[in-house]
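Heads up, my_file.json below (JSON, C-alpha atoms):
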```json
[["chain", "number", "residue", "atom", "x", "y", "z"],
["M", 6, "MET", "CA", 0.00, 0.00, 0.00],
["M", 7, "ASP", "CA", 1.50, 3.30, -0.98],
["M", 8, "ASP", "CA", 1.57, 6.51, 1.06],
["M", 9, "ASN", "CA", -0.37, 8.49, -1.56],
["M", 10, "THR", "CA", -3.33, 6.10, -1.35],
["M", 11, "LEU", "CA", -3.32, 6.29, 2.43],
["M", 12, "ALA", "CA", -3.04, 10.09, 2.42],
["M", 13, "ALA", "CA", -5.88, 10.43, -0.10],
["M", 14, "GLN", "CA", -8.12, 8.10, 1.92],
["M", 15, "TYR", "CA", -7.38, 9.93, 5.16],
["M", 16, "ALA", "CA", -8.07, 13.30, 3.55],
["M", 17, "GLN", "CA", -11.34, 12.03, 2.11],
["M", 18, "THR", "CA", -12.90, 10.27, 5.13],
["M", 19, "GLY", "CA", -10.49, 10.60, 8.05],
["M", 20, "ASP", "CA", -10.60, 6.80, 8.48],
["M", 21, "LEU", "CA", -8.06, 4.49, 6.85],
["M", 22, "MET", "CA", -10.23, 1.48, 7.62],
["M", 23, "ASP", "CA", -12.73, 2.72, 5.03],
["M", 24, "LEU", "CA", -10.36, 1.25, 2.43],
["M", 25, "CYS", "CA", -11.30, -2.20, 3.72],
["M", 26, "ARG", "CA", -14.91, -1.55, 2.74],
["M", 27, "ASN", "CA", -13.90, -0.90, -0.87],
["M", 28, "GLU", "CA", -14.04, -4.24, -2.70],
["M", 29, "VAL", "CA", -12.04, -3.00, -5.70],
["M", 30, "TRP", "CA", -9.20, -1.75, -3.47],
["M", 31, "LEU", "CA", -9.19, -5.01, -1.50],
["M", 32, "ARG", "CA", -8.99, -7.13, -4.65],
["M", 33, "GLU", "CA", -6.11, -5.02, -5.98],
["M", 34, "SER", "CA", -4.31, -5.14, -2.64],
["M", 35, "ILE", "CA", -4.48, -8.91, -2.30],
["M", 36, "VAL", "CA", -2.60, -10.24, -5.28],
["M", 37, "LEU", "CA", -2.23, -14.01, -5.52],
["M", 38, "GLU", "CA", -1.13, -16.29, -8.32],
["M", 39, "ASP", "CA", -3.99, -17.85, -10.25],
["M", 40, "GLY", "CA", -5.37, -20.92, -8.52],
["M", 41, "VAL", "CA", -3.47, -20.32, -5.29],
["M", 42, "GLU", "CA", -5.45, -20.34, -2.08],
["M", 43, "ALA", "CA", -4.00, -18.42, 0.83],
["M", 44, "GLN", "CA", -4.81, -17.15, 4.28],
["M", 45, "VAL", "CA", -5.00, -13.40, 4.73],
["M", 46, "GLU", "CA", -3.98, -12.43, 8.23],
["M", 47, "ALA", "CA", -3.73, -9.21, 10.13],
["M", 48, "GLY", "CA", -1.29, -8.46, 12.90],
["M", 49, "LEU", "CA", 1.42, -10.41, 14.60],
["M", 50, "GLY", "CA", -1.07, -12.16, 16.87],
["M", 51, "MET", "CA", -2.37, -14.12, 13.91],
["M", 52, "ASN", "CA", 0.88, -16.08, 13.43],
["M", 53, "ALA", "CA", 0.14, -18.59, 16.21],
["M", 54, "TYR", "CA", -3.46, -18.98, 15.04],
["M", 55, "LEU", "CA", -2.39, -19.50, 11.44],
["M", 56, "HIS", "CA", 0.22, -22.07, 12.49],
["M", 57, "THR", "CA", -2.42, -23.96, 14.49],
["M", 58, "MET", "CA", -4.93, -23.90, 11.63],
["M", 59, "ASN", "CA", -2.36, -25.10, 9.08],
["M", 60, "ALA", "CA", -1.37, -27.98, 11.38],
["M", 61, "LEU", "CA", -4.90, -29.45, 11.38],
["M", 62, "THR", "CA", -5.61, -32.61, 9.46],
["M", 63, "VAL", "CA", -8.44, -32.64, 6.92],
["M", 64, "ASP", "CA", -10.68, -34.50, 9.39],
["M", 65, "GLN", "CA", -9.88, -32.05, 12.19],
["M", 66, "SER", "CA", -10.58, -29.14, 9.89],
["M", 67, "GLN", "CA", -13.93, -30.59, 8.82],
["M", 68, "GLN", "CA", -14.86, -31.31, 12.43],
["M", 69, "LEU", "CA", -13.96, -27.75, 13.43],
["M", 70, "ARG", "CA", -16.03, -26.32, 10.56],
["M", 71, "HIS", "CA", -18.98, -28.51, 11.56],
["M", 72, "GLN", "CA", -18.64, -27.41, 15.18],
["M", 73, "MET", "CA", -18.54, -23.76, 14.17],
["M", 74, "SER", "CA", -21.57, -24.20, 11.90],
["M", 75, "VAL", "CA", -23.56, -25.81, 14.69],
["M", 76, "GLN", "CA", -22.52, -23.10, 17.16],
["M", 77, "SER", "CA", -23.33, -20.36, 14.68],
["M", 78, "LEU", "CA", -26.78, -21.79, 14.11],
["M", 79, "LEU", "CA", -27.46, -22.28, 17.81],
["M", 80, "PHE", "CA", -26.12, -18.85, 18.79],
["M", 81, "THR", "CA", -28.21, -17.11, 16.14],
["M", 82, "GLY", "CA", -31.32, -18.96, 17.30],
["M", 83, "LEU", "CA", -30.41, -18.26, 20.91],
["M", 84, "ARG", "CA", -30.11, -14.53, 20.26],
["M", 85, "GLN", "CA", -33.48, -14.41, 18.48],
["M", 86, "TRP", "CA", -35.11, -16.40, 21.28],
["M", 87, "MET", "CA", -33.54, -14.34, 24.07],
["M", 88, "GLU", "CA", -34.62, -11.09, 22.41],
["M", 89, "THR", "CA", -38.21, -12.16, 23.17],
["M", 90, "TRP", "CA", -37.38, -12.38, 26.90],
["M", 91, "ASP", "CA", -37.22, -8.57, 27.30],
["M", 92, "LEU", "CA", -34.00, -8.63, 29.33],
["M", 93, "GLY", "CA", -33.14, -5.01, 28.55],
["M", 94, "ALA", "CA", -29.82, -4.02, 30.10],
["M", 95, "GLY", "CA", -29.19, -7.60, 31.21],
["M", 96, "PHE", "CA", -29.33, -9.02, 27.69],
["M", 97, "GLU", "CA", -25.66, -8.97, 26.63],
["M", 98, "GLU", "CA", -24.26, -10.50, 29.80],
["M", 99, "THR", "CA", -26.96, -13.15, 29.90],
["M", 100, "TYR", "CA", -26.42, -13.95, 26.22],
["M", 101, "ALA", "CA", -22.66, -14.33, 26.81],
["M", 102, "ILE", "CA", -23.31, -16.71, 29.73],
["M", 103, "ALA", "CA", -25.79, -18.73, 27.66],
["M", 104, "ARG", "CA", -23.25, -19.08, 24.84],
["M", 105, "ARG", "CA", -20.64, -20.38, 27.30],
["M", 106, "LEU", "CA", -23.16, -22.87, 28.64],
["M", 107, "ILE", "CA", -23.95, -24.10, 25.12],
["M", 108, "ARG", "CA", -20.24, -24.54, 24.35],
["M", 109, "ALA", "CA", -19.77, -26.48, 27.57],
["M", 110, "HIS", "CA", -22.72, -28.74, 26.76],
["M", 111, "LEU", "CA", -21.54, -29.30, 23.19],
["M", 112, "ALA", "CA", -18.08, -30.30, 24.46],
["M", 113, "ASP", "CA", -19.49, -32.83, 26.93],
["M", 114, "LEU", "CA", -22.48, -34.46, 25.27],
["M", 115, "THR", "CA", -23.73, -37.89, 26.20],
["M", 116, "PRO", "CA", -24.41, -40.15, 23.20],
["M", 117, "SER", "CA", -28.18, -39.59, 23.53],
["M", 118, "GLN", "CA", -27.74, -35.80, 23.73],
["M", 119, "GLU", "CA", -25.43, -35.88, 20.73],
["M", 120, "ALA", "CA", -27.99, -37.83, 18.73],
["M", 121, "GLY", "CA", -30.69, -35.39, 19.83],
["M", 122, "ILE", "CA", -28.68, -32.42, 18.60],
["M", 123, "GLU", "CA", -27.09, -33.97, 15.51],
["M", 124, "SER", "CA", -30.21, -35.68, 14.20],
["M", 125, "PRO", "CA", -32.11, -32.52, 13.27],
["M", 126, "LEU", "CA", -28.92, -30.87, 12.08],
["M", 127, "ALA", "CA", -27.49, -33.73, 10.01],
["M", 128, "ASP", "CA", -29.59, -33.15, 6.90],
["M", 129, "LYS", "CA", -29.13, -29.40, 7.14],
["M", 130, "VAL", "CA", -25.35, -29.68, 7.47],
["M", 131, "GLN", "CA", -25.02, -32.11, 4.56],
["M", 132, "THR", "CA", -27.16, -29.99, 2.25],
["M", 133, "GLY", "CA", -25.48, -26.81, 3.37],
["M", 134, "SER", "CA", -28.76, -25.25, 4.41],
["M", 135, "LEU", "CA", -28.14, -24.70, 8.10],
["M", 136, "ASP", "CA", -29.85, -21.34, 7.90],
["M", 137, "LYS", "CA", -33.12, -23.06, 7.05],
["M", 138, "LEU", "CA", -33.46, -24.77, 10.44],
["M", 139, "THR", "CA", -36.55, -23.17, 11.90],
["M", 140, "GLN", "CA", -36.54, -21.08, 15.05],
["M", 141, "PRO", "CA", -38.87, -23.51, 16.87],
["M", 142, "GLN", "CA", -36.42, -26.34, 16.14],
["M", 143, "VAL", "CA", -33.53, -24.33, 17.61],
["M", 144, "VAL", "CA", -35.59, -23.36, 20.66],
["M", 145, "THR", "CA", -36.48, -27.02, 21.21],
["M", 146, "LEU", "CA", -32.83, -28.06, 20.97],
["M", 147, "LEU", "CA", -31.73, -25.35, 23.39],
["M", 148, "SER", "CA", -34.58, -26.03, 25.81],
["M", 149, "GLU", "CA", -33.54, -29.67, 25.99],
["M", 150, "MET", "CA", -29.88, -28.74, 26.35],
["M", 151, "PHE", "CA", -30.21, -26.26, 29.24],
["M", 152, "THR", "CA", -30.46, -27.77, 32.70],
["M", 153, "PRO", "CA", -32.35, -26.21, 35.63],
["M", 154, "ALA", "CA", -28.95, -25.07, 36.96],
["M", 155, "ASP", "CA", -28.25, -23.36, 33.60],
["M", 156, "TRP", "CA", -31.55, -21.47, 33.81],
["M", 157, "GLN", "CA", -30.64, -20.34, 37.32],
["M", 158, "ILE", "CA", -27.19, -19.18, 36.16],
["M", 159, "MET", "CA", -28.74, -17.15, 33.33],
["M", 160, "ALA", "CA", -31.38, -15.63, 35.64],
["M", 161, "THR", "CA", -28.71, -14.67, 38.17],
["M", 162, "ALA", "CA", -26.55, -13.11, 35.45],
["M", 163, "ALA", "CA", -29.48, -11.05, 34.15],
["M", 164, "SER", "CA", -30.50, -9.81, 37.60],
["M", 165, "GLN", "CA", -26.93, -8.99, 38.64],
["M", 166, "SER", "CA", -26.34, -7.08, 35.42],
["M", 167, "ILE", "CA", -29.42, -4.96, 35.91],
["M", 168, "ALA", "CA", -28.69, -4.48, 39.63],
["M", 169, "SER", "CA", -25.14, -3.28, 38.94],
["M", 170, "ARG", "CA", -26.42, -0.75, 36.39],
["M", 171, "VAL", "CA", -29.04, 0.60, 38.80],
["M", 172, "LEU", "CA", -26.50, 0.85, 41.63],
["M", 173, "SER", "CA", -23.92, 2.56, 39.43],
["M", 174, "ALA", "CA", -26.55, 5.04, 38.22],
["M", 175, "GLY", "CA", -27.37, 5.88, 41.84],
["M", 176, "GLN", "CA", -23.69, 6.33, 42.65],
["M", 177, "ILE", "CA", -23.17, 8.66, 39.69],
["M", 178, "GLN", "CA", -26.15, 10.80, 40.80],
["M", 179, "THR", "CA", -24.75, 11.02, 44.35],
["M", 180, "GLU", "CA", -21.30, 12.05, 43.08],
["M", 181, "THR", "CA", -22.70, 14.70, 40.70],
["M", 182, "ALA", "CA", -24.94, 16.16, 43.39],
["M", 183, "ALA", "CA", -21.96, 16.51, 45.74]]
```
Can you dump the structure from the file as structure tokens?
Amino acid sequence: MDDNTLAAQYAQTGDLMDLCRNEVWLRESIVLEDGVEAQVEAGLGMNAYLHTMNALTVDQSQQLRHQMSVQSLLFTGLRQWMETWDLGAGFEETYAIARRLIRAHLADLTPSQEAGIESPLADKVQTGSLDKLTQPQVVTLLSEMFTPADWQIMATAASQSIASRVLSAGQIQTETAA
């Protein structure tokens, strides 16, 4: 990337990252030989990640992609479902906790739980139409996955999040009045 391009972009928008939103500029900036597939990384922190990803076998890579597809589907459905709970200020923290719980359950499934989760997903994964799994199907899967302890953890997270916001608002008012 040349200095003139950067200077022109900065003068125009004041944000160099706007270049990344320009598809033509991106295609010109990433020049690869025909037929060559490559990873595009950013920053020194990506070296370890790239090394790890390149060390995976084909089976490990496919398993990881499957896992990420399942999580993506479940997390999207979870977000849509949780938005109907009207959690307000407690939403983000509760959503983060719920995602951690799902990951923990997915990592430690019994054979019957695995069959219960994989069965409805198997056809969708093979056909590449994961996005077509209906919201009620996702809600059913998640409802069966969460334990009573999980529900309590999420409820506690939501109430603590809201309580901390209320308490901090009261503290700010006291400090400003003084």
- Grab the atom CA of Gln72 of chain M to atom CA of Met159 of chain M distance for me, in Å with one decimal place.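 The value is 23.2 Å.
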- Which of these, M:Ser74, M:Gln176, M:Gln157, M:Thr152, has the shortest distance to Glu123 of chain M once you count only C-alpha atoms?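 Checking each candidate against Glu123 of chain M, we get M:Ser74 as the closest.
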- Query: Interatomic distance between atom CA of Arg105 of chain M and atom CA of Asp155 of chain M?
  - Reply: 10.3 Å
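You will find atom CA of Met150 of chain M at 16.1 Å from atom CA of Ala101 of chain M.
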- Item | Given only C-alpha atoms as the counted atoms, nearest of M:Ser66, M:Ser173, M:Ser77, M:Ser164 to Ile107 of chain M |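 Result for the nearest residue to Ile107 of chain M: M:Ser77.
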- Nearest to Glu98 of chain M: which of M:Ala120, M:Ile158, M:Ala13, M:Leu172 is it, counting all atoms listed in the file? M:Ile158
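Comparing M:Thr99, M:Ser124, M:Thr115, M:Thr139 by their smallest distance to Trp156 of chain M, the closest is M:Thr99 (using all atoms listed in the file).
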- For the point (-31.7, -35.8, 19.4) in file coordinates, what residues are within 12 Å, counting only C-alpha atoms? Give the answer as a list in words?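 Result, sorted by chain then residue number: Leu114, Thr115, Pro116, Ser117, Gln118, Glu119, Ala120, Gly121, Ile122, Glu123, Ser124, Pro125, Leu126, Ala127, Gln142, Val143, Thr145, Leu146, Leu147, Glu149 and Met150 of chain M.
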Got a sec: who's within 6 Å of Gly95 of chain M, counting only C-alpha atoms, leaving out chain neighbours fewer than 6 positions off, as an mmCIF file with C-alpha atoms, in the coordinates of the input?
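That gives us result.cif:
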```
data_model
loop_
_atom_site.group_PDB
_atom_site.id
_atom_site.type_symbol
_atom_site.label_atom_id
_atom_site.label_comp_id
_atom_site.auth_asym_id
_atom_site.auth_seq_id
_atom_site.Cartn_x
_atom_site.Cartn_y
_atom_site.Cartn_z
ATOM 1 C CA ALA M 163 -29.480 -11.050 34.150
ATOM 2 C CA SER M 166 -26.340 -7.080 35.420
ATOM 3 C CA ILE M 167 -29.420 -4.960 35.910
#
```
Where's the centre, and what are the edge lengths in Å to one decimal, of a box along x, y and z enclosing all listed atoms of segment 60-68 of chain M padded 5 Å per side, as lines of an AutoDock Vina configuration file?
```
center_x = -8.1
center_y = -31.2
center_z = 9.7
size_x = 23.5
size_y = 16.5
size_z = 15.5
```
